[in-house]
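> Could you have a look at this structure, given as structure tokens, before my questions?
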Amino acid sequence: MSTHFEINKKVVDNIQIFSIIGELDALVAPDFKEEIDNAFKSKFVNIIIDFKELTHINSLGMGILVSKLREVKLINGDIKLINLSKHINTIFEMIGLSELFEIFTSETEALNSFKKK
């Protein structure tokens with residue numbers, strides 16, 4: 001069984017933005033982790049992850065998010081999330097991830113929040 005998963009990338013104001021499309025599950029989580037690691041290696045410490053087209057995330061995907069957030073905070077960076085569906089947002093609230101991550105409804109809001117640091 002194959003999982004539909006795609007990551008689109010762009011850079012705005014020296015902030016790496018990932019747009020996640022499809023399902024973030026155990027089959028593709030290593031690819032997601034590698035993309036974030038590559039951003040760190042390229043000296044991007046501020047990251048926005050757009051979940052507008054994310055249809056599913058499992059515990060491994062969430063674990064990678066938390067792990068990478070901790071890692072980037074050590075180098076004075078941050079990971080911010082945008083465009084969570086109601087379903088994904090409910091999951092994040094239930095397990096406490098909404099307390100760890102700043103969550104915004106638009107890319108502009110997230111970009112502006114980095115400027116306030």
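The way I read the labels, and the way they are meant: chains A, B, ... in the order of the structure tokens, residue 1 as the first residue of every chain, and ligand 1 as the first ligand shown, with later ones counted on from there.
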Using only C-alpha atoms, determine which residues lie at most 9 Å from Ile49 in chain A, disregarding the query and same-chain residues fewer than 3 positions distant; provide the list as a list of chain:residue names.
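The residues that qualify are A:Gln16, A:Ile17, A:Phe18, A:Ser19, A:Ile20, A:Ile79, A:Lys80, A:Leu81, A:Ile82, A:Asn83.
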> Please produce a file of the residues just selected, as a compact mmCIF listing (two decimals), in the first residue's frame, where the atoms kept are C-alpha atoms.

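Output below, filename selection_38.txt:
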```
# COMPACT_ATOMS: atom_id res chain seq x y z
CA GLN A 16 12.21 27.66 5.23
CA ILE A 17 8.57 26.87 4.51
CA PHE A 18 7.43 23.29 3.96
CA SER A 19 3.99 22.52 2.54
CA ILE A 20 2.95 18.99 3.41
CA ILE A 79 9.18 25.65 14.07
CA LYS A 80 5.74 27.16 13.59
CA LEU A 81 2.71 25.43 12.13
CA ILE A 82 0.02 26.88 9.88
CA ASN A 83 -3.28 25.90 8.32
```
> Taking only chain A into account, list the residues labelled alpha helix (DSSP H) by DSSP (computed from the backbone), as a ChimeraX atom specification.
/A:29-41,59-73,86-95,97-100,107-115
> Got a sec: who's within 9 Å of Lys68 in chain A, counting only C-alpha atoms, leaving out chain neighbours fewer than 2 positions off, as a PDB file with C-alpha atoms, in the first residue's frame?

```pdb
ATOM      1  CA  LYS A  33      12.701  14.072   9.024  1.00  0.00           C
ATOM      2  CA  ILE A  36      13.958  19.119   8.161  1.00  0.00           C
ATOM      3  CA  ASP A  37      17.503  17.894   8.803  1.00  0.00           C
ATOM      4  CA  GLY A  63       7.225  12.619  17.395  1.00  0.00           C
ATOM      5  CA  ILE A  64       9.507  13.895  14.642  1.00  0.00           C
ATOM      6  CA  LEU A  65       7.915  17.347  14.930  1.00  0.00           C
ATOM      7  CA  VAL A  66       8.538  17.452  18.685  1.00  0.00           C
ATOM      8  CA  ARG A  70      13.559  20.647  20.659  1.00  0.00           C
ATOM      9  CA  GLU A  71      16.611  20.423  18.406  1.00  0.00           C
ATOM     10  CA  VAL A  72      16.025  23.786  16.721  1.00  0.00           C
ATOM     11  CA  LYS A  73      15.257  25.562  20.014  1.00  0.00           C
ATOM     12  CA  ILE A  79       9.180  25.649  14.068  1.00  0.00           C
TER      13      ILE A  79
END
```
> Any idea what the distance is between CA of Phe51 in chain A and CA of Ile103 in chain A?
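CA of Ile103 in chain A lies at a distance of 10.4 Å from CA of Phe51 in chain A.
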> Which polymer residues have any atom within 12 Å of an atom of Asn89 in chain A, counting only C-alpha atoms, with same-chain residues fewer than 5 positions away left out, as a PDB file with C-alpha atoms, in the first residue's frame?

```pdb
ATOM      1  CA  PHE A  51      -0.498  21.553   6.947  1.00  0.00           C
ATOM      2  CA  LYS A  52      -3.234  22.907   4.665  1.00  0.00           C
ATOM      3  CA  LEU A  54      -2.180  17.298   5.238  1.00  0.00           C
ATOM      4  CA  THR A  55      -4.830  14.605   5.448  1.00  0.00           C
ATOM      5  CA  HIS A  56      -3.337  12.407   8.190  1.00  0.00           C
ATOM      6  CA  ILE A  57      -0.481  12.447  10.686  1.00  0.00           C
ATOM      7  CA  LEU A  81       2.705  25.433  12.129  1.00  0.00           C
ATOM      8  CA  ILE A  82       0.025  26.882   9.875  1.00  0.00           C
ATOM      9  CA  ASN A  83      -3.284  25.899   8.318  1.00  0.00           C
ATOM     10  CA  LEU A  84      -4.148  22.901  10.489  1.00  0.00           C
ATOM     11  CA  MET A  94      -5.857  16.562  22.796  1.00  0.00           C
ATOM     12  CA  ILE A  95      -2.246  15.438  23.127  1.00  0.00           C
ATOM     13  CA  GLY A  96      -0.800  18.802  24.117  1.00  0.00           C
ATOM     14  CA  LEU A  97       1.115  19.675  20.951  1.00  0.00           C
ATOM     15  CA  SER A  98      -0.795  22.940  20.661  1.00  0.00           C
ATOM     16  CA  GLU A  99       1.021  23.971  23.862  1.00  0.00           C
ATOM     17  CA  PHE A 101       3.991  24.778  18.906  1.00  0.00           C
ATOM     18  CA  GLU A 102       2.828  28.197  17.861  1.00  0.00           C
ATOM     19  CA  ILE A 103      -0.019  27.582  15.435  1.00  0.00           C
ATOM     20  CA  PHE A 104      -1.225  30.202  12.957  1.00  0.00           C
ATOM     21  CA  THR A 105      -3.992  30.379  10.390  1.00  0.00           C
TER      22      THR A 105
END
```
> Choose the residue, out of A:Asn76, A:Ser67, A:Asn38, A:Ser106, that has the smallest atom-to-atom separation from Asp50 in chain A; count only C-alpha atoms.
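The closest residue to Asp50 in chain A is A:Ser106.
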> Please indicate the distance in Å from CA of Glu23 in chain A to CA of Thr90 in chain A, rounded to one decimal place.
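Result for CA of Glu23 in chain A versus CA of Thr90 in chain A: 16.7 Å, one decimal.
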> Using only C-alpha atoms, which of the listed residues (A:His87, A:Glu107, A:Asn14, A:His4) sits closest to Ser42 in chain A?
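The closest residue to Ser42 in chain A is A:Asn14.
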